[in-house]
Amino acid sequence: MLSDCGRKSENLVRTHTCTGRTCKLHAERPPPGSRTQDLYAATQQCYQVHHHAALRQKVAEQSHKLRMATTTINTPTCGAAETVKVGVVLITSPEHADCGAFAVEGCKINHKSATNKEAKSFTFDQVVTADTAESLQSELLQPLTESISSGYNVSLLMCGTPTDMVGALMDKIIPRQVLLNLFSFTTSQETTEYFISVSFLQFYPDGAAVDLVSPNKETLQLVTHPVIGSVVEGLCEVCVYSAEEACDFYETCRETIKTNTEGISSRCSSLFSVTAEWKLHPEQVESDVCRSKLQLFSLAGGASKTDLRGVIPLLKVLDQTLNPPVVSDSLLHALLKDALTGNNRTVLIYCINSQGFLDETQSALHLAQKVRGLVTKPTSVHWNPRSAEQELRESIMELQNVILLGESEVHNIYKLAQLTQSLKIVKNQSWEKRREESEKIKFKIKKSSISSQQFSVDCLDHKERSETAKFLQEKLRQEMEEHIREGKGSAEKVQERVTRIQQLKEALREEILKNETVPGKSQLSQQSEYNEAQERRRQLKEDHTRLIQEEVAKMERDLAQEQPPTESPQRELLVLSRERQVLVMHIEALRAEAQQAESDLQDQHHRHQTELRCLREESLQVFRVFRQVSEEQRKISEGRYRSVLLEAVQDAIYLSAQNQQLQAENKQLRKALGEIKDALAVRGDPVADLINQQQ
């Protein structure tokens with residue numbers, strides 16, 4: 001054995017499986033006189049060293065494999081970089097504007113502000129007027145929606161001066177046209193199985209985001225998946241099957257914003273998202289899926305930081321893009337940044353007033369020009385959800401094994417959290433699960449709308465009764481005041497007035513009794529139901545007691561008739577069997593009473609829950625009315641303050657112009673007066689001396 005140590009050993013202990021080579025300690029011939037125990041100890045030490053080295057090498061290989069796995073799971077097809085396309089809609093025609101301050105030449109706008117004498121040139125992808133806004137369809141909207149058929153994510157940003165024309169363009173014309181283009185593609189592919197869902201987000205001026213579809217108002221968080229891109233976690237989606245259904249959903253959400261935030265609806269932004277997925281190979285069970293998303297941003301605010309309507313979110317997003325250290329935790333800013341610099345094809349439609357107040361037009365043109373300089377990286381997403389889920393599960397298991405081997409470094413734990421989050425996102429993309437959640441949301445929305453309508457009818461009835469009672473009280477008060485004021489009169493008039501007062505009192509008493517009938521009836525019905533349930537339980541208990549007493553009496557009669565020996569086992573057995581029957585009957589009676597009590601308790605619980613739900617809805621309705629009233633008051637105050645502020649600004653401008661004009665006239669008069677004085681002094685007229693003395 002020792003004579004073969006110079007060759008590659010066949011011993012499993014000496015030949016290491018990790019390298020397939022023999023250790024130097026085994027390759028060298030042992031010195032003469034070495035003991036067998038020393039040789040065995042050296043062999044074991046060498047094996048431990050090489051075994052731990054093999055483990056470390058395996059951990060490193062698995063970590064590298066995991067890093068590569070997260071980047072190769074269904075990698076989307078990358079496209080070339082593209083710039084954001086910008087279309088400008090001029091609200092007022094350039095012919096009606098100042099020709100020296102505003103000029104349009106094709107896709108170029110030359111604008112000269114009041115402070116600068118030189119005109120600045122701005123170039124965009126398309127410039128149209130309000131009369132020719134239909135051309136946006138062929139130049140910008142149609143190519144944008146055609147990208148959806150290839151699996152690209154597209155974003156459409158709409159903003160501008162809030163006018164009736166802009167509102168119609170942003171709320172009805174453009175969204176409807178885009179949705180019709182989208183569904184025309186899906187209906188043309190009759191053999192393809194597709195899935196389309198919509199969602200709607202509202203953003204308040206302070207940055208708070210609200211999901212108008214979610215009945216539970218879950219927390220919203222933007223997460224990024226390596227394949228499908230950015231996903232808003234906690235956002236509810238509703239499945240739609242036609243363009244009309246999607247348009248109705250969009251218009252309903254827009255009306256909800258105007259209803260809930262009537263005072264500040266013009267300062268709230270929104271995001272309407274449409275997610276379209278279809279199978280590339282419908283005949284296959286686990287087919288690859290092409291995924292595309294359409295995002296319609298409706299942005300509020302002005303391009304100037306001194307705008308009374310607030311600042312448009314695009315300004316802050318541009319600051320974050322041009323100044324990377326600037327970070328914002330707003331969900332709207334993150335979504336806009338992803339739309340303007342991420343894997344999207346983006347189009348901005350900016351409605352600009354060529355006769356804007358102060359430098360609003362100049363700021364809007366500068367902002368649109370900056371947005372046109374941004375670059376996106378559109379990618380086409382083709383992936384297989386089942387294989388992606390399987391690969392993520394395998395990667396998680398391998399990473400867990402790596403951590404269990406002792407290599408629990410921080411980056412491994414962070415990578416495990418990322419993989420777990422990606423797996424959760426992939427599982428939530430299941431069509432069946434999303435359809436089920438959509439049906440639940442639709443049912444809850446329908447149920448809440450029905451209950452709201454019923455509650456509104458009850459409230460209207462109660463309101464009408466209250467108004468009738470108030471009218472009768474006012475009429476009675478007027479009759480009493482008139483009777484006291486006129487004092488004594490003819491007996492017929494006094495008797496007639498007293499009769500009217502009595503009739504009004506009777507009518508008012510009847511109306512008050514009607515108003516108190518509804519809660520009184522509910523309380524009486526509850527008390528009567530409780531009394532009936534208590535009476536049923538008492539009657540059931542009496543029947544069971546009577547049956548048990550009859551059974552005991554029967555047992556005593558049977559024992560008296562049979563007369564077995566007093567101390568015999570037969571008598572004890574007979575007594576025990578009869579007592580057992582009585583106990584069984586008693587137990588059955590108690591069980592029946594318990595079941596009856598439990599049934600009554602369940603009925604009471606259901607009634608209590610129903611009343612509690614009605615009270616909650618009534619309280620919510622009261623709070624909604626209170627909020628609506630407060631919003632109306634705040635809107636009135638805000639409108640009054642805005643009008644006062646605008647009038648003050650206009651008055652200040654007017655007074656400043658008048659002041660300058662008066663100063664110029666005063667200067668001219670002084671100059672003319674000096675010339676007259678000089679002329680009189682040259683002629684030696686004493687009037688000139690008199691004028692000088694008076695001055």
# chains A, B, ... in the order shown; residues from 1 in each chain; ligands from 1
>>> residues_around(residues="Asn384 of chain A", least_positions_apart="5", cutoff="9 Å", atoms="only C-alpha atoms", output="PDB file with all heavy atoms, in the first residue's frame")
ATOM      1  N   ASN A  74     -36.975  34.762 -18.436  1.00  0.00           N
ATOM      2  CA  ASN A  74     -37.887  35.399 -19.373  1.00  0.00           C
ATOM      3  C   ASN A  74     -37.481  36.843 -19.650  1.00  0.00           C
ATOM      4  O   ASN A  74     -38.229  37.787 -19.440  1.00  0.00           O
ATOM      5  CB  ASN A  74     -39.324  35.353 -18.842  1.00  0.00           C
ATOM      6  CG  ASN A  74     -39.815  33.950 -18.675  1.00  0.00           C
ATOM      7  OD1 ASN A  74     -39.738  33.141 -19.580  1.00  0.00           O
ATOM      8  ND2 ASN A  74     -40.322  33.640 -17.491  1.00  0.00           N
ATOM      9  N   GLU A 286     -49.552  25.467 -21.628  1.00  0.00           N
ATOM     10  CA  GLU A 286     -48.676  26.450 -20.980  1.00  0.00           C
ATOM     11  C   GLU A 286     -48.044  27.334 -22.051  1.00  0.00           C
ATOM     12  O   GLU A 286     -46.854  27.247 -22.343  1.00  0.00           O
ATOM     13  CB  GLU A 286     -47.603  25.741 -20.145  1.00  0.00           C
ATOM     14  CG  GLU A 286     -48.150  24.826 -19.067  1.00  0.00           C
ATOM     15  CD  GLU A 286     -48.924  25.591 -18.010  1.00  0.00           C
ATOM     16  OE1 GLU A 286     -48.694  26.812 -17.894  1.00  0.00           O
ATOM     17  OE2 GLU A 286     -49.748  24.990 -17.315  1.00  0.00           O
ATOM     18  N   SER A 287     -48.855  28.182 -22.644  1.00  0.00           N
ATOM     19  CA  SER A 287     -48.376  29.028 -23.741  1.00  0.00           C
ATOM     20  C   SER A 287     -47.660  30.257 -23.205  1.00  0.00           C
ATOM     21  O   SER A 287     -47.924  30.726 -22.085  1.00  0.00           O
ATOM     22  CB  SER A 287     -49.559  29.455 -24.613  1.00  0.00           C
ATOM     23  OG  SER A 287     -49.171  30.434 -25.552  1.00  0.00           O
ATOM     24  N   ASP A 288     -46.745  30.776 -24.026  1.00  0.00           N
ATOM     25  CA  ASP A 288     -46.118  32.053 -23.694  1.00  0.00           C
ATOM     26  C   ASP A 288     -47.151  33.175 -23.806  1.00  0.00           C
ATOM     27  O   ASP A 288     -48.083  33.104 -24.617  1.00  0.00           O
ATOM     28  CB  ASP A 288     -44.948  32.335 -24.630  1.00  0.00           C
ATOM     29  CG  ASP A 288     -43.789  31.377 -24.393  1.00  0.00           C
ATOM     30  OD1 ASP A 288     -43.767  30.747 -23.320  1.00  0.00           O
ATOM     31  OD2 ASP A 288     -42.915  31.272 -25.278  1.00  0.00           O
ATOM     32  N   VAL A 289     -46.974  34.197 -22.996  1.00  0.00           N
ATOM     33  CA  VAL A 289     -47.930  35.296 -22.908  1.00  0.00           C
ATOM     34  C   VAL A 289     -47.235  36.584 -23.312  1.00  0.00           C
ATOM     35  O   VAL A 289     -46.103  36.845 -22.891  1.00  0.00           O
ATOM     36  CB  VAL A 289     -48.509  35.419 -21.481  1.00  0.00           C
ATOM     37  CG1 VAL A 289     -49.403  36.641 -21.367  1.00  0.00           C
ATOM     38  CG2 VAL A 289     -49.277  34.160 -21.120  1.00  0.00           C
ATOM     39  N   CYS A 290     -47.926  37.374 -24.136  1.00  0.00           N
ATOM     40  CA  CYS A 290     -47.446  38.712 -24.493  1.00  0.00           C
ATOM     41  C   CYS A 290     -48.213  39.724 -23.646  1.00  0.00           C
ATOM     42  O   CYS A 290     -49.448  39.681 -23.587  1.00  0.00           O
ATOM     43  CB  CYS A 290     -47.662  38.987 -25.979  1.00  0.00           C
ATOM     44  SG  CYS A 290     -46.937  40.554 -26.546  1.00  0.00           S
ATOM     45  N   GLU A 389     -42.544  31.115 -12.616  1.00  0.00           N
ATOM     46  CA  GLU A 389     -42.817  30.751 -11.220  1.00  0.00           C
ATOM     47  C   GLU A 389     -41.974  29.565 -10.777  1.00  0.00           C
ATOM     48  O   GLU A 389     -41.427  29.548  -9.659  1.00  0.00           O
ATOM     49  CB  GLU A 389     -44.311  30.440 -11.067  1.00  0.00           C
ATOM     50  CG  GLU A 389     -44.715  30.072  -9.646  1.00  0.00           C
ATOM     51  CD  GLU A 389     -46.205  29.784  -9.540  1.00  0.00           C
ATOM     52  OE1 GLU A 389     -46.921  29.991 -10.538  1.00  0.00           O
ATOM     53  OE2 GLU A 389     -46.634  29.336  -8.463  1.00  0.00           O
TER      54      GLU A 389
END
>>> residues_around(residues="segment 542-559 of chain A", least_positions_apart="5", cutoff="9 Å", atoms="only C-alpha atoms", output="number ranges by chain")
A: 537, 564, 571, 574-575, 578-579, 581-583, 585-586, 589-590
>>> write_last_selection(atoms="N, CA and C atoms", output="mmCIF file, in the first residue's frame")
data_model
loop_
_atom_site.group_PDB
_atom_site.id
_atom_site.type_symbol
_atom_site.label_atom_id
_atom_site.label_comp_id
_atom_site.auth_asym_id
_atom_site.auth_seq_id
_atom_site.Cartn_x
_atom_site.Cartn_y
_atom_site.Cartn_z
ATOM 1 N N ARG A 537 -88.738 29.529 24.341
ATOM 2 C CA ARG A 537 -87.817 28.774 25.207
ATOM 3 C C ARG A 537 -88.492 28.363 26.520
ATOM 4 N N PRO A 564 -89.955 -6.529 42.477
ATOM 5 C CA PRO A 564 -88.830 -7.470 42.627
ATOM 6 C C PRO A 564 -88.315 -7.432 44.065
ATOM 7 N N ARG A 571 -83.493 -6.004 41.027
ATOM 8 C CA ARG A 571 -84.147 -4.730 41.302
ATOM 9 C C ARG A 571 -83.182 -3.561 41.029
ATOM 10 N N LEU A 574 -82.892 -3.070 37.302
ATOM 11 C CA LEU A 574 -84.098 -2.475 36.753
ATOM 12 C C LEU A 574 -84.175 -0.985 37.084
ATOM 13 N N VAL A 575 -83.812 -0.624 38.321
ATOM 14 C CA VAL A 575 -83.842 0.785 38.716
ATOM 15 C C VAL A 575 -82.823 1.606 37.902
ATOM 16 N N ARG A 578 -84.065 2.159 34.313
ATOM 17 C CA ARG A 578 -85.105 3.179 34.220
ATOM 18 C C ARG A 578 -84.532 4.580 34.484
ATOM 19 N N GLU A 579 -83.624 4.682 35.427
ATOM 20 C CA GLU A 579 -83.001 5.978 35.686
ATOM 21 C C GLU A 579 -82.165 6.452 34.483
ATOM 22 N N GLN A 581 -82.865 5.838 31.381
ATOM 23 C CA GLN A 581 -83.809 6.369 30.400
ATOM 24 C C GLN A 581 -84.226 7.803 30.743
ATOM 25 N N VAL A 582 -84.444 8.037 32.042
ATOM 26 C CA VAL A 582 -84.826 9.382 32.465
ATOM 27 C C VAL A 582 -83.688 10.378 32.216
ATOM 28 N N LEU A 583 -82.438 9.965 32.516
ATOM 29 C CA LEU A 583 -81.291 10.847 32.289
ATOM 30 C C LEU A 583 -81.091 11.143 30.806
ATOM 31 N N MET A 585 -83.399 11.163 28.544
ATOM 32 C CA MET A 585 -84.457 12.097 28.151
ATOM 33 C C MET A 585 -84.140 13.514 28.628
ATOM 34 N N HIS A 586 -83.575 13.605 29.849
ATOM 35 C CA HIS A 586 -83.217 14.921 30.369
ATOM 36 C C HIS A 586 -82.098 15.570 29.532
ATOM 37 N N ALA A 589 -83.520 16.800 26.309
ATOM 38 C CA ALA A 589 -84.272 18.040 26.523
ATOM 39 C C ALA A 589 -83.338 19.237 26.635
ATOM 40 N N LEU A 590 -82.255 19.073 27.389
ATOM 41 C CA LEU A 590 -81.290 20.165 27.510
ATOM 42 C C LEU A 590 -80.645 20.495 26.172
#
>>> select_by_dssp(residues="segment 191-373 of chain A", states="strand (DSSP E or B)", output="NGL selection string")
:A and (194-203 or 209-211 or 221-225 or 229-233 or 238-239 or 269-279 or 289-298 or 302 or 311 or 345-352)
>>> residues_around(residues="Glu479 of chain A", least_positions_apart="6", cutoff="12 Å", atoms="only C-alpha atoms", output="mmCIF file with N, CA and C atoms, in the first residue's frame")
data_model
loop_
_atom_site.group_PDB
_atom_site.id
_atom_site.type_symbol
_atom_site.label_atom_id
_atom_site.label_comp_id
_atom_site.auth_asym_id
_atom_site.auth_seq_id
_atom_site.Cartn_x
_atom_site.Cartn_y
_atom_site.Cartn_z
ATOM 1 N N LEU A 472 -95.067 73.391 8.771
ATOM 2 C CA LEU A 472 -96.216 73.528 9.669
ATOM 3 C C LEU A 472 -95.854 74.345 10.903
ATOM 4 N N GLN A 473 -94.668 74.144 11.449
ATOM 5 C CA GLN A 473 -94.236 74.933 12.599
ATOM 6 C C GLN A 473 -94.140 76.419 12.254
ATOM 7 N N ARG A 485 -100.587 90.043 17.626
ATOM 8 C CA ARG A 485 -100.375 91.407 17.152
ATOM 9 C C ARG A 485 -101.700 92.140 16.920
ATOM 10 N N GLU A 486 -102.674 91.487 16.348
ATOM 11 C CA GLU A 486 -103.946 92.148 16.071
ATOM 12 C C GLU A 486 -104.781 92.336 17.331
ATOM 13 N N VAL A 494 -111.801 86.229 15.215
ATOM 14 C CA VAL A 494 -111.062 85.547 16.282
ATOM 15 C C VAL A 494 -111.351 84.059 16.255
ATOM 16 N N GLU A 496 -112.319 82.264 13.698
ATOM 17 C CA GLU A 496 -111.710 81.676 12.495
ATOM 18 C C GLU A 496 -110.209 81.453 12.675
ATOM 19 N N ARG A 497 -109.529 82.429 13.297
ATOM 20 C CA ARG A 497 -108.087 82.302 13.505
ATOM 21 C C ARG A 497 -107.784 81.194 14.515
ATOM 22 N N VAL A 498 -108.581 81.109 15.562
ATOM 23 C CA VAL A 498 -108.389 80.046 16.562
ATOM 24 C C VAL A 498 -108.613 78.684 15.927
ATOM 25 N N THR A 499 -109.564 78.575 15.038
ATOM 26 C CA THR A 499 -109.816 77.296 14.347
ATOM 27 C C THR A 499 -108.614 76.907 13.487
ATOM 28 N N ARG A 500 -108.042 77.882 12.750
ATOM 29 C CA ARG A 500 -106.865 77.594 11.935
ATOM 30 C C ARG A 500 -105.683 77.147 12.807
ATOM 31 N N ILE A 501 -105.517 77.818 13.960
ATOM 32 C CA ILE A 501 -104.423 77.440 14.858
ATOM 33 C C ILE A 501 -104.607 76.014 15.370
ATOM 34 N N GLN A 502 -105.836 75.646 15.714
ATOM 35 C CA GLN A 502 -106.092 74.280 16.180
ATOM 36 C C GLN A 502 -105.822 73.248 15.081
ATOM 37 N N GLN A 503 -106.220 73.571 13.853
ATOM 38 C CA GLN A 503 -105.966 72.654 12.733
ATOM 39 C C GLN A 503 -104.462 72.486 12.479
ATOM 40 N N LEU A 504 -103.731 73.602 12.558
ATOM 41 C CA LEU A 504 -102.279 73.502 12.367
ATOM 42 C C LEU A 504 -101.631 72.672 13.473
ATOM 43 N N LYS A 505 -102.099 72.833 14.708
ATOM 44 C CA LYS A 505 -101.560 72.031 15.807
ATOM 45 C C LYS A 505 -101.821 70.544 15.602
#
>>> atom_distance(atom1="atom CA of Glu632 of chain A", atom2="atom CA of Ser266 of chain A")
14.1 Å
>>> atom_distance(atom1="atom CA of Gln126 of chain A", atom2="atom CA of Lys377 of chain A")
21.7 Å
>>> closest_residue(among="A:Phe272, A:Gln604, A:Val240, A:Gly207", to="Lys316 of chain A", atoms="only C-alpha atoms")
A:Gly207
>>> residues_around(residues="Val154 of chain A", least_positions_apart="2", cutoff="9 Å", atoms="only C-alpha atoms", output="list in words")
Leu144, Thr145, Ser147, Ile148, Tyr152, Leu156, Ser292, Lys293, Leu294, Gln295, Leu296, Ala339, Asn343, Asn344, Arg345, Thr346, Val347 and Pro378 of chain A
>>> write_last_selection(atoms="C-alpha atoms", output="mmCIF file, in the first residue's frame")
data_model
loop_
_atom_site.group_PDB
_atom_site.id
_atom_site.type_symbol
_atom_site.label_atom_id
_atom_site.label_comp_id
_atom_site.auth_asym_id
_atom_site.auth_seq_id
_atom_site.Cartn_x
_atom_site.Cartn_y
_atom_site.Cartn_z
ATOM 1 C CA LEU A 144 -48.851 54.615 -29.972
ATOM 2 C CA THR A 145 -51.679 52.081 -29.694
ATOM 3 C CA SER A 147 -47.186 49.367 -30.270
ATOM 4 C CA ILE A 148 -49.465 47.507 -27.855
ATOM 5 C CA TYR A 152 -44.772 47.332 -25.607
ATOM 6 C CA LEU A 156 -49.981 58.961 -22.697
ATOM 7 C CA SER A 292 -48.651 45.227 -22.661
ATOM 8 C CA LYS A 293 -49.847 48.134 -20.549
ATOM 9 C CA LEU A 294 -51.479 51.432 -21.481
ATOM 10 C CA GLN A 295 -51.248 54.301 -18.972
ATOM 11 C CA LEU A 296 -53.315 57.486 -19.370
ATOM 12 C CA ALA A 339 -43.076 56.481 -17.864
ATOM 13 C CA ASN A 343 -39.394 50.761 -20.637
ATOM 14 C CA ASN A 344 -42.232 52.731 -22.227
ATOM 15 C CA ARG A 345 -43.165 54.491 -25.423
ATOM 16 C CA THR A 346 -44.417 57.823 -24.168
ATOM 17 C CA VAL A 347 -46.380 60.672 -25.734
ATOM 18 C CA PRO A 378 -39.097 50.466 -24.682
#
